[in-house]
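Just work-v6.csv here, CSV, N, CA and C atoms and all ligand atoms:
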chain,number,residue,atom,x,y,z
A,120,MET,N,70.7,224.1,-7.0
A,120,MET,CA,70.9,225.3,-7.8
A,120,MET,C,72.4,225.3,-8.2
A,121,SER,N,72.6,225.7,-9.5
A,121,SER,CA,74.0,225.8,-10.0
A,121,SER,C,74.7,226.9,-9.3
A,122,PRO,N,75.9,226.6,-8.9
A,122,PRO,CA,76.7,227.7,-8.2
A,122,PRO,C,77.3,228.7,-9.2
A,123,LEU,N,77.1,228.4,-10.5
A,123,LEU,CA,77.7,229.3,-11.5
A,123,LEU,C,76.5,230.2,-12.1
A,124,PRO,N,76.6,231.5,-11.8
A,124,PRO,CA,75.5,232.4,-12.3
A,124,PRO,C,75.4,232.3,-13.8
A,125,ASP,N,74.2,232.4,-14.3
A,125,ASP,CA,73.9,232.3,-15.8
A,125,ASP,C,74.8,233.3,-16.6
A,126,ASN,N,75.0,234.5,-16.1
A,126,ASN,CA,75.8,235.4,-16.9
A,126,ASN,C,77.3,235.1,-17.0
A,127,LEU,N,77.7,234.0,-16.2
A,127,LEU,CA,79.1,233.6,-16.3
A,127,LEU,C,79.2,232.3,-17.2
A,128,LYS,N,78.1,231.8,-17.7
A,128,LYS,CA,78.2,230.6,-18.6
A,128,LYS,C,78.6,231.0,-20.0
A,129,VAL,N,79.5,230.2,-20.5
A,129,VAL,CA,80.0,230.5,-21.9
A,129,VAL,C,79.3,229.6,-22.9
A,130,GLY,N,78.5,228.7,-22.5
A,130,GLY,CA,77.7,227.9,-23.4
A,130,GLY,C,78.4,226.6,-24.0
A,131,ILE,N,79.6,226.3,-23.5
A,131,ILE,CA,80.3,225.1,-23.8
A,131,ILE,C,80.3,224.2,-22.6
A,132,ASP,N,79.6,223.1,-22.6
A,132,ASP,CA,79.4,222.3,-21.4
A,132,ASP,C,80.7,222.0,-20.6
A,133,SER,N,81.7,221.5,-21.3
A,133,SER,CA,82.9,221.1,-20.6
A,133,SER,C,83.5,222.3,-19.8
A,134,ILE,N,83.5,223.5,-20.4
A,134,ILE,CA,84.1,224.7,-19.8
A,134,ILE,C,83.2,225.1,-18.6
A,135,ASP,N,81.8,225.2,-18.9
A,135,ASP,CA,80.9,225.6,-17.8
A,135,ASP,C,81.0,224.7,-16.6
A,136,GLN,N,81.2,223.4,-16.9
A,136,GLN,CA,81.2,222.4,-15.8
A,136,GLN,C,82.5,222.7,-14.9
A,137,ARG,N,83.6,222.9,-15.5
A,137,ARG,CA,84.8,223.3,-14.8
A,137,ARG,C,84.6,224.5,-13.9
A,138,HIS,N,83.9,225.5,-14.5
A,138,HIS,CA,83.7,226.7,-13.7
A,138,HIS,C,82.7,226.5,-12.6
A,139,GLU,N,81.8,225.6,-12.8
A,139,GLU,CA,80.8,225.3,-11.7
A,139,GLU,C,81.6,224.6,-10.6
A,140,GLU,N,82.5,223.7,-10.9
A,140,GLU,CA,83.3,223.0,-9.9
A,140,GLU,C,84.1,224.0,-9.1
A,141,PHE,N,84.7,225.0,-9.9
A,141,PHE,CA,85.5,226.0,-9.2
A,141,PHE,C,84.6,226.7,-8.1
A,142,TYR,N,83.5,227.2,-8.6
A,142,TYR,CA,82.6,227.9,-7.7
A,142,TYR,C,82.1,227.1,-6.5
A,143,THR,N,81.9,225.8,-6.7
A,143,THR,CA,81.5,225.0,-5.6
A,143,THR,C,82.6,224.9,-4.5
A,144,LEU,N,83.8,224.7,-5.0
A,144,LEU,CA,84.9,224.6,-4.0
A,144,LEU,C,85.3,225.9,-3.4
A,145,PHE,N,85.1,227.0,-4.2
A,145,PHE,CA,85.4,228.3,-3.7
A,145,PHE,C,84.4,228.8,-2.6
A,146,GLU,N,83.2,228.4,-2.8
A,146,GLU,CA,82.2,228.7,-1.7
A,146,GLU,C,82.5,228.0,-0.4
A,147,VAL,N,83.0,226.7,-0.5
A,147,VAL,CA,83.4,226.0,0.7
A,147,VAL,C,84.6,226.7,1.3
A,148,LEU,N,85.5,227.2,0.5
A,148,LEU,CA,86.7,227.8,1.0
A,148,LEU,C,86.4,229.2,1.7
A,149,LYS,N,85.4,229.9,1.1
A,149,LYS,CA,85.1,231.2,1.7
A,149,LYS,C,84.4,231.0,3.1
A,150,LYS,N,83.7,229.9,3.2
A,150,LYS,CA,83.0,229.7,4.5
A,150,LYS,C,83.8,228.9,5.5
A,151,ALA,N,85.0,228.4,5.1
A,151,ALA,CA,85.8,227.6,5.9
A,151,ALA,C,86.3,228.3,7.2
A,152,GLY,N,86.2,227.6,8.3
A,152,GLY,CA,86.7,228.1,9.6
A,152,GLY,C,88.3,227.9,9.6
A,153,ASP,N,88.9,228.5,10.6
A,153,ASP,CA,90.4,228.4,10.6
A,153,ASP,C,90.9,227.0,10.5
A,154,GLY,N,90.3,226.1,11.1
A,154,GLY,CA,90.8,224.7,11.1
A,154,GLY,C,90.5,223.9,9.8
A,155,GLU,N,89.7,224.5,9.0
A,155,GLU,CA,89.3,223.8,7.7
A,155,GLU,C,89.9,224.6,6.5
A,156,PHE,N,90.5,225.7,6.8
A,156,PHE,CA,90.9,226.6,5.7
A,156,PHE,C,92.0,226.0,4.7
A,157,LEU,N,93.0,225.4,5.3
A,157,LEU,CA,94.1,224.8,4.5
A,157,LEU,C,93.6,223.7,3.6
A,158,GLU,N,92.8,222.8,4.2
A,158,GLU,CA,92.3,221.7,3.4
A,158,GLU,C,91.4,222.2,2.2
A,159,ALA,N,90.6,223.2,2.5
A,159,ALA,CA,89.7,223.8,1.5
A,159,ALA,C,90.5,224.5,0.4
A,160,PHE,N,91.6,225.2,0.8
A,160,PHE,CA,92.4,225.9,-0.1
A,160,PHE,C,93.1,224.9,-1.0
A,161,ASP,N,93.6,223.8,-0.4
A,161,ASP,CA,94.3,222.8,-1.2
A,161,ASP,C,93.3,222.2,-2.3
A,162,ALA,N,92.1,222.1,-1.9
A,162,ALA,CA,91.1,221.5,-2.8
A,162,ALA,C,90.9,222.5,-4.0
A,163,VAL,N,90.9,223.8,-3.7
A,163,VAL,CA,90.7,224.8,-4.8
A,163,VAL,C,92.0,224.8,-5.7
A,164,ILE,N,93.1,224.7,-5.1
A,164,ILE,CA,94.4,224.7,-5.9
A,164,ILE,C,94.5,223.5,-6.8
A,165,LEU,N,94.2,222.3,-6.2
A,165,LEU,CA,94.2,221.1,-7.0
A,165,LEU,C,93.2,221.1,-8.1
A,166,HIS,N,92.0,221.6,-7.9
A,166,HIS,CA,91.0,221.7,-8.9
A,166,HIS,C,91.6,222.7,-10.0
A,167,THR,N,92.1,223.8,-9.6
A,167,THR,CA,92.6,224.8,-10.5
A,167,THR,C,93.7,224.3,-11.4
A,168,GLN,N,94.6,223.5,-10.9
A,168,GLN,CA,95.7,222.9,-11.7
A,168,GLN,C,95.1,222.1,-12.8
A,169,GLY,N,94.1,221.3,-12.5
A,169,GLY,CA,93.5,220.4,-13.5
A,169,GLY,C,92.7,221.3,-14.5
A,170,HIS,N,91.9,222.2,-14.0
A,170,HIS,CA,91.1,223.1,-14.8
A,170,HIS,C,92.0,223.9,-15.8
A,171,PHE,N,93.1,224.4,-15.4
A,171,PHE,CA,93.9,225.2,-16.3
A,171,PHE,C,94.6,224.2,-17.3
A,172,SER,N,95.0,223.0,-16.9
A,172,SER,CA,95.6,222.1,-17.9
A,172,SER,C,94.6,221.7,-18.9
A,173,GLU,N,93.4,221.4,-18.5
A,173,GLU,CA,92.4,221.0,-19.5
A,173,GLU,C,92.0,222.2,-20.4
A,174,GLU,N,91.9,223.4,-19.9
A,174,GLU,CA,91.7,224.5,-20.8
A,174,GLU,C,92.8,224.7,-21.8
A,175,GLU,N,94.1,224.5,-21.3
A,175,GLU,CA,95.2,224.7,-22.2
A,175,GLU,C,95.3,223.6,-23.2
A,176,ALA,N,94.8,222.4,-22.9
A,176,ALA,CA,94.7,221.3,-23.9
A,176,ALA,C,93.7,221.7,-24.9
A,177,ASP,N,92.6,222.3,-24.5
A,177,ASP,CA,91.5,222.8,-25.5
A,177,ASP,C,92.2,223.8,-26.5
A,178,MET,N,93.1,224.6,-26.0
A,178,MET,CA,93.7,225.7,-26.8
A,178,MET,C,94.5,225.0,-27.9
A,179,GLU,N,95.1,223.9,-27.6
A,179,GLU,CA,96.0,223.2,-28.6
A,179,GLU,C,95.2,222.7,-29.8
A,180,LYS,N,93.9,222.5,-29.6
A,180,LYS,CA,93.1,221.9,-30.6
A,180,LYS,C,92.7,222.9,-31.7
A,181,ILE,N,92.9,224.2,-31.4
A,181,ILE,CA,92.4,225.2,-32.3
A,181,ILE,C,93.5,226.2,-32.6
A,182,VAL,N,93.2,227.1,-33.5
A,182,VAL,CA,94.2,228.2,-33.7
A,182,VAL,C,93.7,229.3,-32.8
A,183,TYR,N,94.4,229.5,-31.7
A,183,TYR,CA,93.9,230.5,-30.7
A,183,TYR,C,95.0,231.6,-30.5
A,184,PRO,N,94.7,232.8,-31.0
A,184,PRO,CA,95.6,233.9,-31.0
A,184,PRO,C,96.1,234.3,-29.6
A,185,ASN,N,95.2,234.2,-28.6
A,185,ASN,CA,95.5,234.7,-27.3
A,185,ASN,C,96.1,233.6,-26.4
A,186,LYS,N,96.6,232.6,-27.0
A,186,LYS,CA,97.1,231.4,-26.2
A,186,LYS,C,98.1,231.8,-25.1
A,187,ALA,N,99.2,232.5,-25.6
A,187,ALA,CA,100.3,232.8,-24.7
A,187,ALA,C,99.8,233.7,-23.6
A,188,GLU,N,99.0,234.7,-23.9
A,188,GLU,CA,98.5,235.6,-22.8
A,188,GLU,C,97.6,234.9,-21.8
A,189,HIS,N,96.8,234.0,-22.4
A,189,HIS,CA,95.9,233.2,-21.5
A,189,HIS,C,96.7,232.3,-20.6
A,190,ILE,N,97.6,231.6,-21.1
A,190,ILE,CA,98.4,230.7,-20.3
A,190,ILE,C,99.2,231.5,-19.2
A,191,GLN,N,99.7,232.6,-19.6
A,191,GLN,CA,100.4,233.5,-18.7
A,191,GLN,C,99.5,233.9,-17.5
A,192,GLU,N,98.3,234.2,-17.8
A,192,GLU,CA,97.3,234.5,-16.7
A,192,GLU,C,97.1,233.4,-15.8
A,193,HIS,N,97.0,232.2,-16.3
A,193,HIS,CA,96.8,231.0,-15.5
A,193,HIS,C,98.0,230.8,-14.6
A,194,LYS,N,99.2,230.9,-15.2
A,194,LYS,CA,100.4,230.7,-14.4
A,194,LYS,C,100.5,231.7,-13.3
A,195,LYS,N,100.3,233.0,-13.6
A,195,LYS,CA,100.3,234.0,-12.5
A,195,LYS,C,99.3,233.7,-11.4
A,196,ALA,N,98.1,233.3,-11.7
A,196,ALA,CA,97.1,233.0,-10.7
A,196,ALA,C,97.5,231.9,-9.9
A,197,LEU,N,98.0,230.8,-10.5
A,197,LEU,CA,98.4,229.7,-9.7
A,197,LEU,C,99.6,230.0,-8.7
A,198,GLU,N,100.5,230.8,-9.2
A,198,GLU,CA,101.6,231.3,-8.4
A,198,GLU,C,101.1,232.0,-7.2
A,199,GLU,N,100.2,232.9,-7.5
A,199,GLU,CA,99.6,233.7,-6.4
A,199,GLU,C,98.9,232.8,-5.4
A,200,MET,N,98.1,231.8,-5.9
A,200,MET,CA,97.4,230.9,-4.9
A,200,MET,C,98.4,230.2,-4.1
A,201,ASN,N,99.5,229.7,-4.7
A,201,ASN,CA,100.5,228.9,-4.0
A,201,ASN,C,101.2,229.8,-3.0
A,202,TYR,N,101.4,231.1,-3.3
A,202,TYR,CA,102.1,232.0,-2.4
A,202,TYR,C,101.2,232.2,-1.1
A,203,PHE,N,99.9,232.4,-1.3
A,203,PHE,CA,99.1,232.6,-0.2
A,203,PHE,C,98.8,231.3,0.6
A,204,ARG,N,98.9,230.2,-0.1
A,204,ARG,CA,98.8,228.9,0.5
A,204,ARG,C,100.0,228.7,1.5
A,205,GLU,N,101.2,229.1,1.1
A,205,GLU,CA,102.3,229.1,1.9
A,205,GLU,C,102.2,230.0,3.1
A,206,LYS,N,101.6,231.2,2.9
A,206,LYS,CA,101.4,232.1,4.0
A,206,LYS,C,100.5,231.5,5.0
A,207,ALA,N,99.4,230.8,4.5
A,207,ALA,CA,98.4,230.2,5.4
A,207,ALA,C,99.1,229.1,6.3
A,208,SER,N,99.9,228.4,5.6
A,208,SER,CA,100.5,227.2,6.4
A,208,SER,C,101.7,227.7,7.3
A,209,SER,N,102.1,228.9,7.1
A,209,SER,CA,103.2,229.4,8.0
A,209,SER,C,102.6,230.4,9.0
A,210,GLY,N,101.4,230.2,9.3
A,210,GLY,CA,100.8,231.0,10.4
A,210,GLY,C,100.1,232.3,10.1
A,211,LYS,N,100.2,232.7,8.8
A,211,LYS,CA,99.6,234.0,8.4
A,211,LYS,C,98.3,233.7,7.7
A,212,LEU,N,97.4,233.2,8.5
A,212,LEU,CA,96.1,232.7,8.0
A,212,LEU,C,95.2,233.9,7.6
A,213,MET,N,95.3,235.0,8.3
A,213,MET,CA,94.4,236.2,8.0
A,213,MET,C,94.8,236.8,6.7
A,214,PHE,N,96.1,236.7,6.4
A,214,PHE,CA,96.6,237.2,5.1
A,214,PHE,C,96.0,236.4,3.9
A,215,ALA,N,96.1,235.1,4.1
A,215,ALA,CA,95.5,234.2,3.1
A,215,ALA,C,94.0,234.4,3.0
A,216,LYS,N,93.3,234.5,4.1
A,216,LYS,CA,91.9,234.7,4.1
A,216,LYS,C,91.5,235.9,3.4
A,217,ALA,N,92.2,237.0,3.6
A,217,ALA,CA,91.9,238.3,2.9
A,217,ALA,C,92.1,238.2,1.4
A,218,TYR,N,93.1,237.4,1.0
A,218,TYR,CA,93.3,237.2,-0.4
A,218,TYR,C,92.1,236.5,-1.0
A,219,VAL,N,91.7,235.4,-0.4
A,219,VAL,CA,90.6,234.6,-0.9
A,219,VAL,C,89.3,235.5,-0.9
A,220,LYS,N,89.1,236.3,0.1
A,220,LYS,CA,87.9,237.0,0.2
A,220,LYS,C,87.9,238.2,-0.8
A,221,ASP,N,89.0,238.9,-0.8
A,221,ASP,CA,89.0,240.2,-1.6
A,221,ASP,C,89.5,240.1,-3.0
A,222,ARG,N,90.3,239.0,-3.3
A,222,ARG,CA,90.9,239.0,-4.6
A,222,ARG,C,90.6,237.8,-5.5
A,223,LEU,N,90.6,236.6,-4.9
A,223,LEU,CA,90.5,235.4,-5.7
A,223,LEU,C,89.2,235.3,-6.5
A,224,GLY,N,88.1,235.7,-5.9
A,224,GLY,CA,86.8,235.6,-6.6
A,224,GLY,C,86.8,236.6,-7.7
A,225,ASP,N,87.2,237.8,-7.5
A,225,ASP,CA,87.3,238.8,-8.5
A,225,ASP,C,88.1,238.4,-9.7
A,226,TRP,N,89.3,237.9,-9.3
A,226,TRP,CA,90.2,237.4,-10.4
A,226,TRP,C,89.5,236.4,-11.3
A,227,PHE,N,88.9,235.4,-10.6
A,227,PHE,CA,88.3,234.3,-11.4
A,227,PHE,C,87.2,234.9,-12.3
A,228,ARG,N,86.3,235.8,-11.7
A,228,ARG,CA,85.2,236.3,-12.5
A,228,ARG,C,85.8,237.1,-13.7
A,229,ASN,N,86.8,237.9,-13.5
A,229,ASN,CA,87.3,238.7,-14.6
A,229,ASN,C,88.0,237.8,-15.6
A,230,HIS,N,88.7,236.8,-15.2
A,230,HIS,CA,89.3,235.9,-16.1
A,230,HIS,C,88.3,235.2,-17.0
A,231,LEU,N,87.2,234.8,-16.3
A,231,LEU,CA,86.2,234.0,-17.0
A,231,LEU,C,85.5,234.9,-18.0
A,232,LEU,N,85.2,236.2,-17.6
A,232,LEU,CA,84.5,237.1,-18.5
A,232,LEU,C,85.4,237.6,-19.7
A,233,ASN,N,86.7,237.6,-19.5
A,233,ASN,CA,87.6,238.1,-20.5
A,233,ASN,C,88.2,236.9,-21.3
A,234,MET,N,89.1,236.2,-20.7
A,234,MET,CA,89.9,235.2,-21.3
A,234,MET,C,89.1,233.9,-21.7
A,235,ASP,N,88.4,233.4,-20.7
A,235,ASP,CA,87.6,232.1,-21.0
A,235,ASP,C,86.5,232.3,-22.0
A,236,SER,N,85.8,233.5,-21.9
A,236,SER,CA,84.7,233.7,-22.8
A,236,SER,C,85.3,233.9,-24.2
A,237,ASP,N,86.5,234.5,-24.3
A,237,ASP,CA,87.2,234.7,-25.6
A,237,ASP,C,87.6,233.3,-26.2
A,238,LEU,N,88.1,232.4,-25.3
A,238,LEU,CA,88.4,231.1,-25.8
A,238,LEU,C,87.2,230.3,-26.3
A,239,ALA,N,86.1,230.5,-25.5
A,239,ALA,CA,84.9,229.8,-26.0
A,239,ALA,C,84.4,230.3,-27.3
A,240,ARG,N,84.5,231.6,-27.5
A,240,ARG,CA,84.1,232.2,-28.8
A,240,ARG,C,84.9,231.6,-30.0
A,241,VAL,N,86.3,231.5,-29.7
A,241,VAL,CA,87.1,230.9,-30.8
A,241,VAL,C,86.8,229.4,-31.0
A,242,ILE,N,86.6,228.7,-29.9
A,242,ILE,CA,86.2,227.2,-30.1
A,242,ILE,C,85.0,227.1,-30.9
A,243,ASN,N,84.0,227.9,-30.6
A,243,ASN,CA,82.7,227.8,-31.3
A,243,ASN,C,82.9,228.2,-32.8
A,244,LYS,N,83.7,229.2,-33.1
A,244,LYS,CA,83.9,229.6,-34.4
A,244,LYS,C,84.7,228.4,-35.2
A,245,SER,N,85.6,227.8,-34.5
A,245,SER,CA,86.4,226.7,-35.1
A,245,SER,C,85.6,225.5,-35.5
A,246,SER,N,84.4,225.3,-34.8
A,246,SER,CA,83.7,224.1,-35.0
A,246,SER,C,82.7,224.1,-36.2
A,247,TYR,N,82.7,225.3,-36.9
A,247,TYR,CA,81.9,225.4,-38.1
A,247,TYR,C,82.6,224.7,-39.3
B,301,FE,FE,88.4,228.6,-16.8
B,302,FE,FE,91.3,230.3,-18.4
Before we go any further, please render this structure as structure tokens.
Ligand SMILES: [Fe+2]
Ligand SMILES: [Fe+2]
Amino acid sequence: MSPLPDNLKVGIDSIDQRHEEFYTLFEVLKKAGDGEFLEAFDAVILHTQGHFSEEEADMEKIVYPNKAEHIQEHKKALEEMNYFREKASSGKLMFAKAYVKDRLGDWFRNHLLNMDSDLARVINKSSY
């Protein structure tokens, strides 16, 4: 079964695939025990770096009015992930776990429903 709920699909395969990959890694991270948490967090961060760069490369191919705002959201999210990754590696594991459980999933869902859906709309319009 796809880890990406149907209502979160934007209908462009490359984008949906990236989001599916995020959810797969995110599920592993949420279930990770203390000893597996850092490795799972690193996997999510590594994926997210590539995910955002690919999305930003997509933006370059079209006229996309919300580019600056979208890139800014990516940058802030990665900074936040790295901040909590540092916390986790300096012994504040519960702090990082709370971020993953209470914030990261919501952030991703909101970003997908607002920014990424908007990007998909503009890409679809541009291909006519
Ligand atoms: Fe995305
Ligand atoms: Fe995005």
Next on the checklist: Using Å and a single decimal, report how far atom CA of Val163 of chain A sits from atom CA of Leu148 of chain A.
Outcome noted: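 Atom CA of Val163 of chain A lies at a distance of 7.7 Å from atom CA of Leu148 of chain A.
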Next on the checklist: I need every residue sitting at most 8 Å from the point (76.0, 225.4, -8.3) (coordinates as in the file, all atoms listed in the file considered), written as a VMD selection string.
Outcome noted: chain A and resid 120 to 124 139 to 140 142 to 143
Checklist entry - Nearest to Glu174 of chain A among A:Leu238, A:Leu197, A:Leu144, A:Val219, with distances taken over only C-alpha atoms: which residue is it? => result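 Checking each of A:Leu238, A:Leu197, A:Leu144, A:Val219 against Glu174 of chain A, counting only C-alpha atoms, the winner is A:Leu238.
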Item to check | Interatomic distance (Å, one decimal) between atom CA of Arg137 of chain A and atom FE of ligand FE 301 (chain B) | outcome: 6.7 Å
Which residues are near ligand FE 301 (chain B) - at most 8 Å, using all atoms listed in the file? Format: as a PDB file with N, CA and C atoms, in the frame of the given file.
ATOM      1  N   ILE A 134      83.500 223.500 -20.400  1.00  0.00           N
ATOM      2  CA  ILE A 134      84.100 224.700 -19.800  1.00  0.00           C
ATOM      3  C   ILE A 134      83.200 225.100 -18.600  1.00  0.00           C
ATOM      4  N   ASP A 135      81.800 225.200 -18.900  1.00  0.00           N
ATOM      5  CA  ASP A 135      80.900 225.600 -17.800  1.00  0.00           C
ATOM      6  C   ASP A 135      81.000 224.700 -16.600  1.00  0.00           C
ATOM      7  N   ARG A 137      83.600 222.900 -15.500  1.00  0.00           N
ATOM      8  CA  ARG A 137      84.800 223.300 -14.800  1.00  0.00           C
ATOM      9  C   ARG A 137      84.600 224.500 -13.900  1.00  0.00           C
ATOM     10  N   HIS A 138      83.900 225.500 -14.500  1.00  0.00           N
ATOM     11  CA  HIS A 138      83.700 226.700 -13.700  1.00  0.00           C
ATOM     12  C   HIS A 138      82.700 226.500 -12.600  1.00  0.00           C
ATOM     13  N   HIS A 170      91.900 222.200 -14.000  1.00  0.00           N
ATOM     14  CA  HIS A 170      91.100 223.100 -14.800  1.00  0.00           C
ATOM     15  C   HIS A 170      92.000 223.900 -15.800  1.00  0.00           C
ATOM     16  N   PHE A 171      93.100 224.400 -15.400  1.00  0.00           N
ATOM     17  CA  PHE A 171      93.900 225.200 -16.300  1.00  0.00           C
ATOM     18  C   PHE A 171      94.600 224.200 -17.300  1.00  0.00           C
ATOM     19  N   GLU A 174      91.900 223.400 -19.900  1.00  0.00           N
ATOM     20  CA  GLU A 174      91.700 224.500 -20.800  1.00  0.00           C
ATOM     21  C   GLU A 174      92.800 224.700 -21.800  1.00  0.00           C
ATOM     22  N   PHE A 227      88.900 235.400 -10.600  1.00  0.00           N
ATOM     23  CA  PHE A 227      88.300 234.300 -11.400  1.00  0.00           C
ATOM     24  C   PHE A 227      87.200 234.900 -12.300  1.00  0.00           C
ATOM     25  N   HIS A 230      88.700 236.800 -15.200  1.00  0.00           N
ATOM     26  CA  HIS A 230      89.300 235.900 -16.100  1.00  0.00           C
ATOM     27  C   HIS A 230      88.300 235.200 -17.000  1.00  0.00           C
ATOM     28  N   LEU A 231      87.200 234.800 -16.300  1.00  0.00           N
ATOM     29  CA  LEU A 231      86.200 234.000 -17.000  1.00  0.00           C
ATOM     30  C   LEU A 231      85.500 234.900 -18.000  1.00  0.00           C
ATOM     31  N   MET A 234      89.100 236.200 -20.700  1.00  0.00           N
ATOM     32  CA  MET A 234      89.900 235.200 -21.300  1.00  0.00           C
ATOM     33  C   MET A 234      89.100 233.900 -21.700  1.00  0.00           C
ATOM     34  N   ASP A 235      88.400 233.400 -20.700  1.00  0.00           N
ATOM     35  CA  ASP A 235      87.600 232.100 -21.000  1.00  0.00           C
ATOM     36  C   ASP A 235      86.500 232.300 -22.000  1.00  0.00           C
ATOM     37  N   SER A 236      85.800 233.500 -21.900  1.00  0.00           N
ATOM     38  CA  SER A 236      84.700 233.700 -22.800  1.00  0.00           C
ATOM     39  C   SER A 236      85.300 233.900 -24.200  1.00  0.00           C
TER      40      SER A 236
END
Item to check | Among the residues A:Val129, A:Ala162, A:Ile190, A:Met213, the one that comes closest to ligand FE 302 (chain B) [using only N, CA and C atoms and all ligand atoms] | outcome: A:Ile190
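Across the structure, atom CA of His166 of chain A and atom CA of Lys180 of chain A are spaced 21.8 Å apart.
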Checklist entry - Which residue, A:Ala151, A:Asp161, A:Glu179, A:His189, has the smallest gap to ligand FE 302 (chain B) when you use all atoms listed in the file? => result A:His189
Checklist entry - Taking only C-alpha atoms and all ligand atoms into account, which of A:Asp125, A:Glu192, A:Lys150, A:Lys216 comes nearest ligand FE 302 (chain B)? => result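 That would be A:Glu192, the residue with the smallest distance to ligand FE 302 (chain B).
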Next on the checklist: Just checking: using all atoms listed in the file, which residue out of A:Leu157, A:Leu127, A:Ser209, A:Asn233 ends up closest to ligand FE 302 (chain B)?
Outcome noted: A:Asn233
Checklist entry - With all atoms listed in the file as the basis for distance, which of A:Lys211, A:Arg204, A:Arg240, A:His193 is at the shortest distance from ligand FE 302 (chain B)? => result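 Comparing A:Lys211, A:Arg204, A:Arg240, A:His193 against ligand FE 302 (chain B), the winner is A:His193.
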Next on the checklist: Can you pull out every residue from segment 130-205 of chain A that DSSP, working from the backbone, puts in alpha helix (DSSP H), and format the result as a VMD selection string?
Outcome noted: chain A and resid 132 to 150 156 to 179 186 to 205
Checklist entry - Got a sec: who's within 8 Å of Ile181 of chain A, counting only N, CA and C atoms, leaving out chain neighbours fewer than 3 positions off, as a PyMOL selection string? => result chain A and resi 176-178+184+241-242+245
Checklist entry - Which neighbours of Lys206 of chain A fall inside 7 Å, counting all atoms listed in the file, when residues of the same chain fewer than 6 positions from it are skipped, and could you give them as number ranges by chain? => result A: 212, 214-215
Generate a file of the selected residues that holds N, CA and C atoms, formatted as an mmCIF file, in the coordinates of the input.
data_model
loop_
_atom_site.group_PDB
_atom_site.id
_atom_site.type_symbol
_atom_site.label_atom_id
_atom_site.label_comp_id
_atom_site.auth_asym_id
_atom_site.auth_seq_id
_atom_site.Cartn_x
_atom_site.Cartn_y
_atom_site.Cartn_z
ATOM 1 N N LEU A 212 97.400 233.200 8.500
ATOM 2 C CA LEU A 212 96.100 232.700 8.000
ATOM 3 C C LEU A 212 95.200 233.900 7.600
ATOM 4 N N PHE A 214 96.100 236.700 6.400
ATOM 5 C CA PHE A 214 96.600 237.200 5.100
ATOM 6 C C PHE A 214 96.000 236.400 3.900
ATOM 7 N N ALA A 215 96.100 235.100 4.100
ATOM 8 C CA ALA A 215 95.500 234.200 3.100
ATOM 9 C C ALA A 215 94.000 234.400 3.000
#
